[in-house]
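K.L.:
Below is the file model.txt, with compact mmCIF, C-alpha atoms.
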```txt
# COMPACT_ATOMS: atom_id res chain seq x y z
CA GLN B 3 76.32 -72.41 129.16
CA VAL B 4 75.98 -68.88 130.48
CA GLN B 5 77.89 -66.12 128.74
CA LEU B 6 78.17 -62.52 129.84
CA VAL B 7 79.65 -60.05 127.39
CA GLU B 8 80.38 -56.49 128.46
CA SER B 9 80.71 -53.52 126.16
CA GLY B 10 80.69 -49.74 126.29
CA GLY B 11 83.96 -49.05 128.04
CA GLY B 12 86.39 -46.44 126.81
CA SER B 13 88.38 -43.35 127.67
CA VAL B 14 86.68 -40.17 128.84
CA GLN B 15 87.61 -37.00 130.63
CA ALA B 16 86.59 -36.35 134.18
CA GLY B 17 82.97 -35.27 134.36
CA GLY B 18 82.02 -37.34 131.35
CA SER B 19 79.63 -40.25 131.02
CA LEU B 20 79.70 -43.82 129.79
CA ARG B 21 77.08 -46.52 129.57
CA LEU B 22 78.20 -50.09 130.03
CA SER B 23 76.16 -52.99 128.71
CA CYS B 24 76.26 -56.66 129.59
CA ALA B 25 74.57 -59.07 127.21
CA ALA B 26 73.65 -62.33 128.87
CA SER B 27 72.89 -65.66 127.25
CA GLY B 28 72.01 -69.03 128.70
CA TYR B 29 69.23 -70.14 131.02
CA THR B 30 70.87 -71.17 134.24
CA TYR B 31 71.61 -67.80 135.77
CA ASN B 32 69.40 -65.72 138.00
CA GLN B 33 68.32 -62.49 136.32
CA ASP B 34 67.36 -61.07 139.70
CA CYS B 35 70.90 -61.44 141.04
CA MET B 36 73.22 -59.43 138.84
CA GLY B 37 75.79 -56.76 139.40
CA TRP B 38 78.75 -54.70 138.30
CA PHE B 39 82.18 -54.92 139.85
CA ARG B 40 85.47 -53.23 139.08
CA GLN B 41 89.14 -53.83 139.62
CA ALA B 42 91.89 -51.26 139.31
CA PRO B 43 95.55 -52.28 138.87
CA GLY B 44 97.04 -53.40 142.16
CA LYS B 45 93.69 -53.32 143.93
CA GLU B 46 91.11 -55.90 144.89
CA ARG B 47 87.91 -56.32 142.97
CA GLU B 48 85.17 -54.18 144.47
CA THR B 49 81.42 -54.04 144.22
CA VAL B 50 80.07 -51.12 142.22
CA ALA B 51 76.33 -51.73 141.92
CA VAL B 52 74.11 -54.75 142.35
CA LEU B 53 70.46 -55.42 141.85
CA PHE B 54 68.08 -57.79 143.55
CA ARG B 55 64.43 -58.62 143.29
CA ARG B 56 63.35 -55.72 145.52
CA GLY B 57 65.80 -53.05 144.45
CA THR B 58 69.37 -51.96 143.92
CA HIS B 59 72.43 -51.24 146.02
CA TYR B 60 75.43 -49.06 145.29
CA ALA B 61 78.88 -48.58 146.67
CA ASP B 62 79.13 -45.28 148.54
CA SER B 63 81.76 -44.09 146.08
CA VAL B 64 79.32 -44.18 143.15
CA LYS B 65 76.00 -43.28 144.77
CA GLY B 66 74.25 -40.50 142.93
CA ARG B 67 76.50 -40.91 139.89
CA PHE B 68 75.95 -44.48 138.66
CA THR B 69 72.70 -46.24 137.86
CA ILE B 70 72.25 -49.98 137.36
CA SER B 71 69.33 -51.17 135.30
CA GLN B 72 68.15 -54.21 133.42
CA ASP B 73 66.18 -54.99 130.29
CA ASN B 74 64.91 -58.51 130.83
CA ALA B 75 63.40 -58.72 127.36
CA GLN B 76 66.86 -58.10 125.91
CA ASN B 77 68.71 -60.05 128.60
CA THR B 78 70.92 -57.03 129.10
CA LEU B 79 72.29 -55.37 132.20
CA TYR B 80 73.36 -51.74 132.09
CA LEU B 81 75.48 -49.38 134.14
CA GLN B 82 75.02 -45.70 133.42
CA MET B 83 78.02 -43.82 134.74
CA ASN B 84 77.84 -40.04 135.03
CA SER B 85 80.19 -37.46 136.52
CA LEU B 86 83.08 -39.84 136.10
CA LYS B 87 86.20 -39.31 138.17
CA PRO B 88 89.78 -40.49 137.61
CA GLU B 89 89.35 -42.86 140.56
CA ASP B 90 86.65 -44.66 138.58
CA THR B 91 89.35 -45.95 136.23
CA ALA B 92 89.27 -49.75 136.31
CA MET B 93 88.26 -52.88 134.49
CA TYR B 94 84.53 -53.28 134.91
CA TYR B 95 82.96 -56.72 135.14
CA CYS B 96 79.40 -57.91 134.88
CA ALA B 97 78.36 -60.84 137.09
CA ALA B 98 75.33 -63.06 137.53
CA GLY B 99 74.28 -65.38 140.28
CA ALA B 100 73.57 -69.05 139.83
CA GLU B 101 70.01 -70.10 139.05
CA THR B 102 69.59 -71.21 142.65
CA SER B 103 70.79 -67.90 144.11
CA TRP B 104 68.41 -66.15 146.46
CA CYS B 105 68.32 -62.38 146.36
CA TYR B 106 64.71 -61.39 146.91
CA TRP B 107 65.03 -59.21 150.02
CA SER B 108 68.72 -58.37 149.79
CA PRO B 109 71.40 -58.43 147.10
CA LEU B 110 74.35 -60.68 146.61
CA TYR B 111 76.92 -58.05 147.49
CA GLU B 112 80.24 -59.87 147.52
CA SER B 113 82.00 -61.05 144.38
CA TYR B 114 82.37 -64.62 145.68
CA GLU B 115 78.58 -64.95 145.70
CA TYR B 116 78.42 -64.67 141.93
CA LYS B 117 78.91 -67.67 139.69
CA TYR B 118 79.14 -66.20 136.22
CA TRP B 119 81.46 -63.43 135.05
CA GLY B 120 82.12 -61.52 131.86
CA GLN B 121 85.54 -60.79 130.45
CA GLY B 122 85.48 -57.14 131.49
CA THR B 123 85.51 -53.78 129.76
CA GLN B 124 88.09 -51.09 130.49
CA VAL B 125 87.06 -47.65 131.69
CA THR B 126 89.71 -44.94 131.80
CA VAL B 127 88.95 -41.48 133.15
CA SER B 128 91.52 -38.74 132.69
CA SER B 129 91.72 -35.57 134.73
```
Give the structure from the file, written as structure tokens.
P.N.:
Amino acid sequence: QVQLVESGGGSVQAGGSLRLSCAASGYTYNQDCMGWFRQAPGKERETVAVLFRRGTHYADSVKGRFTISQDNAQNTLYLQMNSLKPEDTAMYYCAAGAETSWCYWSPLYESYEYKYWGQGTQVTVSS
């Protein structure tokens, strides 16, 4: 049974920073295929940042401000968010691919490609 538990969300003013964490447990997910997604009220879930065996990929809206990273020893995925904007307000979700996922040369970019999901952590940025 794979469990993903996000933490680190909160309320900040524009220009501030937050660091999200996603603690993973279980042995049937692919550590190389993980990512962060977000969903604002009334909007579709969108990709924020994903990692794959050869690198990382970011949505244009967060490039230069957000950084995805991973501590495999701790089975934890991180999202460092700097220079936050009100439009970053959303529920942020951590996701992991199935054990059989393949993401060596390119990431799993779309949400439907991920099998496991956390419960989400809310990020609210005020102007």
K.L.:
How far is it from atom CA of Tyr31 of chain B to atom CA of Tyr118 of chain B, in Å with one decimal?
P.N.:
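It comes out at 7.7 Å.
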K.L.:
Using only C-alpha atoms and a cutoff of 10 Å, can you tell me which residues are near (72.2, -61.4, 130.0) in the file's coordinates, and write them out as a list in words?
P.N.:
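Residues lying no farther than 10 Å from the given point: Val4, Gln5, Leu6, Val7, Glu8, Ser23, Cys24, Ala25, Ala26, Ser27, Gly28, Tyr29, Tyr31, Asn32, Gln33, Met36, Gln72, Asp73, Asn74, Ala75, Gln76, Asn77, Thr78, Leu79, Tyr80, Cys96, Ala97 and Ala98 of chain B.
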K.L.:
Now that the selection is made, can you save its residues with C-alpha atoms as an mmCIF file, in the frame of the given file?
P.N.:
```cif
data_model
loop_
_atom_site.group_PDB
_atom_site.id
_atom_site.type_symbol
_atom_site.label_atom_id
_atom_site.label_comp_id
_atom_site.auth_asym_id
_atom_site.auth_seq_id
_atom_site.Cartn_x
_atom_site.Cartn_y
_atom_site.Cartn_z
ATOM 1 C CA VAL B 4 75.980 -68.880 130.480
ATOM 2 C CA GLN B 5 77.890 -66.120 128.740
ATOM 3 C CA LEU B 6 78.170 -62.520 129.840
ATOM 4 C CA VAL B 7 79.650 -60.050 127.390
ATOM 5 C CA GLU B 8 80.380 -56.490 128.460
ATOM 6 C CA SER B 23 76.160 -52.990 128.710
ATOM 7 C CA CYS B 24 76.260 -56.660 129.590
ATOM 8 C CA ALA B 25 74.570 -59.070 127.210
ATOM 9 C CA ALA B 26 73.650 -62.330 128.870
ATOM 10 C CA SER B 27 72.890 -65.660 127.250
ATOM 11 C CA GLY B 28 72.010 -69.030 128.700
ATOM 12 C CA TYR B 29 69.230 -70.140 131.020
ATOM 13 C CA TYR B 31 71.610 -67.800 135.770
ATOM 14 C CA ASN B 32 69.400 -65.720 138.000
ATOM 15 C CA GLN B 33 68.320 -62.490 136.320
ATOM 16 C CA MET B 36 73.220 -59.430 138.840
ATOM 17 C CA GLN B 72 68.150 -54.210 133.420
ATOM 18 C CA ASP B 73 66.180 -54.990 130.290
ATOM 19 C CA ASN B 74 64.910 -58.510 130.830
ATOM 20 C CA ALA B 75 63.400 -58.720 127.360
ATOM 21 C CA GLN B 76 66.860 -58.100 125.910
ATOM 22 C CA ASN B 77 68.710 -60.050 128.600
ATOM 23 C CA THR B 78 70.920 -57.030 129.100
ATOM 24 C CA LEU B 79 72.290 -55.370 132.200
ATOM 25 C CA TYR B 80 73.360 -51.740 132.090
ATOM 26 C CA CYS B 96 79.400 -57.910 134.880
ATOM 27 C CA ALA B 97 78.360 -60.840 137.090
ATOM 28 C CA ALA B 98 75.330 -63.060 137.530
#
```
K.L.:
For a quick check of your reading of the model, name the residues lying within 7 Å of the coordinate (76.2, -47.9, 133.3), counting all atoms listed in the file, and write them as a short mmCIF file (atom, residue, chain, number, x, y, z; two decimals) with C-alpha atoms, keeping the file's coordinate frame.
P.N.:
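Below is the file that was written, part_26.cif:
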```
data_model
loop_
_atom_site.label_atom_id
_atom_site.label_comp_id
_atom_site.auth_asym_id
_atom_site.auth_seq_id
_atom_site.Cartn_x
_atom_site.Cartn_y
_atom_site.Cartn_z
CA LEU B 20 79.70 -43.82 129.79
CA ARG B 21 77.08 -46.52 129.57
CA LEU B 22 78.20 -50.09 130.03
CA SER B 23 76.16 -52.99 128.71
CA PHE B 68 75.95 -44.48 138.66
CA THR B 69 72.70 -46.24 137.86
CA ILE B 70 72.25 -49.98 137.36
CA TYR B 80 73.36 -51.74 132.09
CA LEU B 81 75.48 -49.38 134.14
CA GLN B 82 75.02 -45.70 133.42
CA MET B 83 78.02 -43.82 134.74
#
```
K.L.:
Would you kindly return, as a list in words, each protein, DNA or RNA residue with an atom no farther than 9 Å from any atom of Gly57 of chain B, considering only C-alpha atoms and excluding same-chain residues fewer than 3 positions away?
P.N.:
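Selected residues are Val52, Leu53, Phe54, Tyr106, Trp107, Ser108 and Pro109 of chain B.
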K.L.:
Rounded to one decimal place, report the atom CA of Val14 of chain B-atom CA of Ala92 of chain B distance in Å.
P.N.:
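Computing it gives 12.4 Å between the two atoms.
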K.L.:
At what distance in Å, to one decimal, does atom CA of Ala16 of chain B lie from atom CA of Ser63 of chain B?
P.N.:
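Going from atom CA of Ser63 of chain B over to atom CA of Ala16 of chain B covers 15.0 Å.
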K.L.:
With distances taken over all atoms listed in the file, which residue among B:Gln15, B:Thr49, B:Ser9, B:Thr30 lies nearest Glu112 of chain B?
P.N.:
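With all atoms listed in the file as the atom set, the closest residue is B:Thr49.
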K.L.:
I'd like the contact shell of Met93 of chain B - 9 Å cut-off, only C-alpha atoms, skipping same-chain residues fewer than 4 positions apart - returned as a CSV table (one decimal) with C-alpha atoms, keeping the file's coordinate frame.
P.N.:
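Okay, this is what ended up in out24.csv:
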```
chain,number,residue,atom,x,y,z
B,11,GLY,CA,84.0,-49.0,128.0
B,39,PHE,CA,82.2,-54.9,139.8
B,40,ARG,CA,85.5,-53.2,139.1
B,41,GLN,CA,89.1,-53.8,139.6
B,42,ALA,CA,91.9,-51.3,139.3
B,43,PRO,CA,95.6,-52.3,138.9
B,122,GLY,CA,85.5,-57.1,131.5
B,123,THR,CA,85.5,-53.8,129.8
B,124,GLN,CA,88.1,-51.1,130.5
B,125,VAL,CA,87.1,-47.6,131.7
B,126,THR,CA,89.7,-44.9,131.8
```
K.L.:
With only C-alpha atoms as the basis for distance, which of B:Gln121, B:Gly18, B:Cys35, B:Glu115 is at the shortest distance from Glu101 of chain B?
P.N.:
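Closest residue, counting only C-alpha atoms: B:Cys35.
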K.L.:
Name the closest residue to Ser19 of chain B among the candidates B:Ala100, B:Ala51, B:Leu86, B:Ala61; distances are taken between atoms, counting all atoms listed in the file.
P.N.:
B:Leu86
K.L.:
For each of B:Thr91, B:Val64, B:Tyr116, B:Asn84, take the minimum atom-to-atom distance to Ser103 of chain B, counting all atoms listed in the file, then give the residue where this is smallest.
P.N.:
B:Tyr116
K.L.:
For each of B:Arg67, B:Asp62, B:Tyr94, B:Trp38, take the minimum atom-to-atom distance to Tyr111 of chain B, counting only C-alpha atoms, then give the residue where this is smallest.
P.N.:
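Closest to Tyr111 of chain B of all the choices is B:Trp38.
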K.L.:
Ranking B:Glu48, B:Gly66, B:Asp34, B:Ser129 by minimum distance to Ser113 of chain B and counting all atoms listed in the file, which one comes first?
P.N.:
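Ranking B:Glu48, B:Gly66, B:Asp34, B:Ser129 by distance to Ser113 of chain B, first place goes to B:Glu48.
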K.L.:
Atoms are missing here; could segment 74-102 of chain B be completed with N, CA and C atoms and written as a PDB file, in the frame of the given file?
P.N.:
```
ATOM      1  N   ASN B  74      65.058 -57.050 130.835  1.00  0.00           N
ATOM      2  CA  ASN B  74      64.910 -58.510 130.830  1.00  0.00           C
ATOM      3  C   ASN B  74      64.537 -59.049 129.451  1.00  0.00           C
ATOM      4  N   ALA B  75      63.790 -58.272 128.702  1.00  0.00           N
ATOM      5  CA  ALA B  75      63.400 -58.720 127.360  1.00  0.00           C
ATOM      6  C   ALA B  75      64.632 -58.888 126.467  1.00  0.00           C
ATOM      7  N   GLN B  76      65.646 -58.048 126.702  1.00  0.00           N
ATOM      8  CA  GLN B  76      66.860 -58.100 125.910  1.00  0.00           C
ATOM      9  C   GLN B  76      67.980 -58.861 126.611  1.00  0.00           C
ATOM     10  N   ASN B  77      67.687 -59.347 127.813  1.00  0.00           N
ATOM     11  CA  ASN B  77      68.710 -60.050 128.600  1.00  0.00           C
ATOM     12  C   ASN B  77      69.984 -59.219 128.732  1.00  0.00           C
ATOM     13  N   THR B  78      69.787 -57.946 129.030  1.00  0.00           N
ATOM     14  CA  THR B  78      70.920 -57.030 129.100  1.00  0.00           C
ATOM     15  C   THR B  78      70.914 -56.253 130.405  1.00  0.00           C
ATOM     16  N   LEU B  79      72.069 -56.152 130.997  1.00  0.00           N
ATOM     17  CA  LEU B  79      72.290 -55.370 132.200  1.00  0.00           C
ATOM     18  C   LEU B  79      73.061 -54.124 131.816  1.00  0.00           C
ATOM     19  N   TYR B  80      72.711 -53.004 132.418  1.00  0.00           N
ATOM     20  CA  TYR B  80      73.360 -51.740 132.090  1.00  0.00           C
ATOM     21  C   TYR B  80      73.968 -51.093 133.330  1.00  0.00           C
ATOM     22  N   LEU B  81      74.951 -50.245 133.088  1.00  0.00           N
ATOM     23  CA  LEU B  81      75.480 -49.380 134.140  1.00  0.00           C
ATOM     24  C   LEU B  81      75.714 -48.013 133.519  1.00  0.00           C
ATOM     25  N   GLN B  82      74.853 -47.075 133.865  1.00  0.00           N
ATOM     26  CA  GLN B  82      75.020 -45.700 133.420  1.00  0.00           C
ATOM     27  C   GLN B  82      75.933 -44.996 134.398  1.00  0.00           C
ATOM     28  N   MET B  83      77.024 -44.456 133.881  1.00  0.00           N
ATOM     29  CA  MET B  83      78.020 -43.820 134.740  1.00  0.00           C
ATOM     30  C   MET B  83      78.141 -42.351 134.346  1.00  0.00           C
ATOM     31  N   ASN B  84      77.766 -41.478 135.257  1.00  0.00           N
ATOM     32  CA  ASN B  84      77.840 -40.040 135.030  1.00  0.00           C
ATOM     33  C   ASN B  84      78.851 -39.416 135.983  1.00  0.00           C
ATOM     34  N   SER B  85      79.243 -38.199 135.670  1.00  0.00           N
ATOM     35  CA  SER B  85      80.190 -37.460 136.520  1.00  0.00           C
ATOM     36  C   SER B  85      81.395 -38.311 136.871  1.00  0.00           C
ATOM     37  N   LEU B  86      81.968 -38.923 135.869  1.00  0.00           N
ATOM     38  CA  LEU B  86      83.080 -39.840 136.100  1.00  0.00           C
ATOM     39  C   LEU B  86      84.300 -39.117 136.669  1.00  0.00           C
ATOM     40  N   LYS B  87      85.007 -39.840 137.515  1.00  0.00           N
ATOM     41  CA  LYS B  87      86.200 -39.310 138.170  1.00  0.00           C
ATOM     42  C   LYS B  87      87.405 -40.191 137.814  1.00  0.00           C
ATOM     43  N   PRO B  88      88.597 -39.664 137.902  1.00  0.00           N
ATOM     44  CA  PRO B  88      89.780 -40.490 137.610  1.00  0.00           C
ATOM     45  C   PRO B  88      89.834 -41.759 138.468  1.00  0.00           C
ATOM     46  N   GLU B  89      89.342 -41.683 139.685  1.00  0.00           N
ATOM     47  CA  GLU B  89      89.350 -42.860 140.560  1.00  0.00           C
ATOM     48  C   GLU B  89      88.371 -43.934 140.133  1.00  0.00           C
ATOM     49  N   ASP B  90      87.539 -43.644 139.141  1.00  0.00           N
ATOM     50  CA  ASP B  90      86.650 -44.660 138.580  1.00  0.00           C
ATOM     51  C   ASP B  90      87.365 -45.530 137.548  1.00  0.00           C
ATOM     52  N   THR B  91      88.590 -45.176 137.203  1.00  0.00           N
ATOM     53  CA  THR B  91      89.350 -45.950 136.230  1.00  0.00           C
ATOM     54  C   THR B  91      89.583 -47.372 136.729  1.00  0.00           C
ATOM     55  N   ALA B  92      89.166 -48.337 135.923  1.00  0.00           N
ATOM     56  CA  ALA B  92      89.270 -49.750 136.310  1.00  0.00           C
ATOM     57  C   ALA B  92      88.748 -50.617 135.174  1.00  0.00           C
ATOM     58  N   MET B  93      88.944 -51.910 135.344  1.00  0.00           N
ATOM     59  CA  MET B  93      88.260 -52.880 134.490  1.00  0.00           C
ATOM     60  C   MET B  93      86.933 -53.172 135.153  1.00  0.00           C
ATOM     61  N   TYR B  94      85.869 -53.055 134.388  1.00  0.00           N
ATOM     62  CA  TYR B  94      84.530 -53.280 134.910  1.00  0.00           C
ATOM     63  C   TYR B  94      83.997 -54.630 134.448  1.00  0.00           C
ATOM     64  N   TYR B  95      83.457 -55.378 135.409  1.00  0.00           N
ATOM     65  CA  TYR B  95      82.960 -56.720 135.140  1.00  0.00           C
ATOM     66  C   TYR B  95      81.478 -56.828 135.473  1.00  0.00           C
ATOM     67  N   CYS B  96      80.778 -57.559 134.637  1.00  0.00           N
ATOM     68  CA  CYS B  96      79.400 -57.910 134.880  1.00  0.00           C
ATOM     69  C   CYS B  96      79.376 -59.311 135.515  1.00  0.00           C
ATOM     70  N   ALA B  97      78.452 -59.539 136.442  1.00  0.00           N
ATOM     71  CA  ALA B  97      78.360 -60.840 137.090  1.00  0.00           C
ATOM     72  C   ALA B  97      76.906 -61.230 137.293  1.00  0.00           C
ATOM     73  N   ALA B  98      76.678 -62.535 137.328  1.00  0.00           N
ATOM     74  CA  ALA B  98      75.330 -63.060 137.530  1.00  0.00           C
ATOM     75  C   ALA B  98      75.382 -64.218 138.523  1.00  0.00           C
ATOM     76  N   GLY B  99      74.344 -64.293 139.326  1.00  0.00           N
ATOM     77  CA  GLY B  99      74.280 -65.380 140.280  1.00  0.00           C
ATOM     78  C   GLY B  99      73.808 -66.671 139.636  1.00  0.00           C
ATOM     79  N   ALA B 100      74.048 -67.770 140.312  1.00  0.00           N
ATOM     80  CA  ALA B 100      73.570 -69.050 139.830  1.00  0.00           C
ATOM     81  C   ALA B 100      72.041 -69.078 139.878  1.00  0.00           C
ATOM     82  N   GLU B 101      71.467 -70.006 139.127  1.00  0.00           N
ATOM     83  CA  GLU B 101      70.010 -70.100 139.050  1.00  0.00           C
ATOM     84  C   GLU B 101      69.392 -70.281 140.429  1.00  0.00           C
ATOM     85  N   THR B 102      70.110 -70.929 141.318  1.00  0.00           N
ATOM     86  CA  THR B 102      69.590 -71.210 142.650  1.00  0.00           C
ATOM     87  C   THR B 102      69.885 -70.102 143.653  1.00  0.00           C
TER      88      THR B 102
END
```
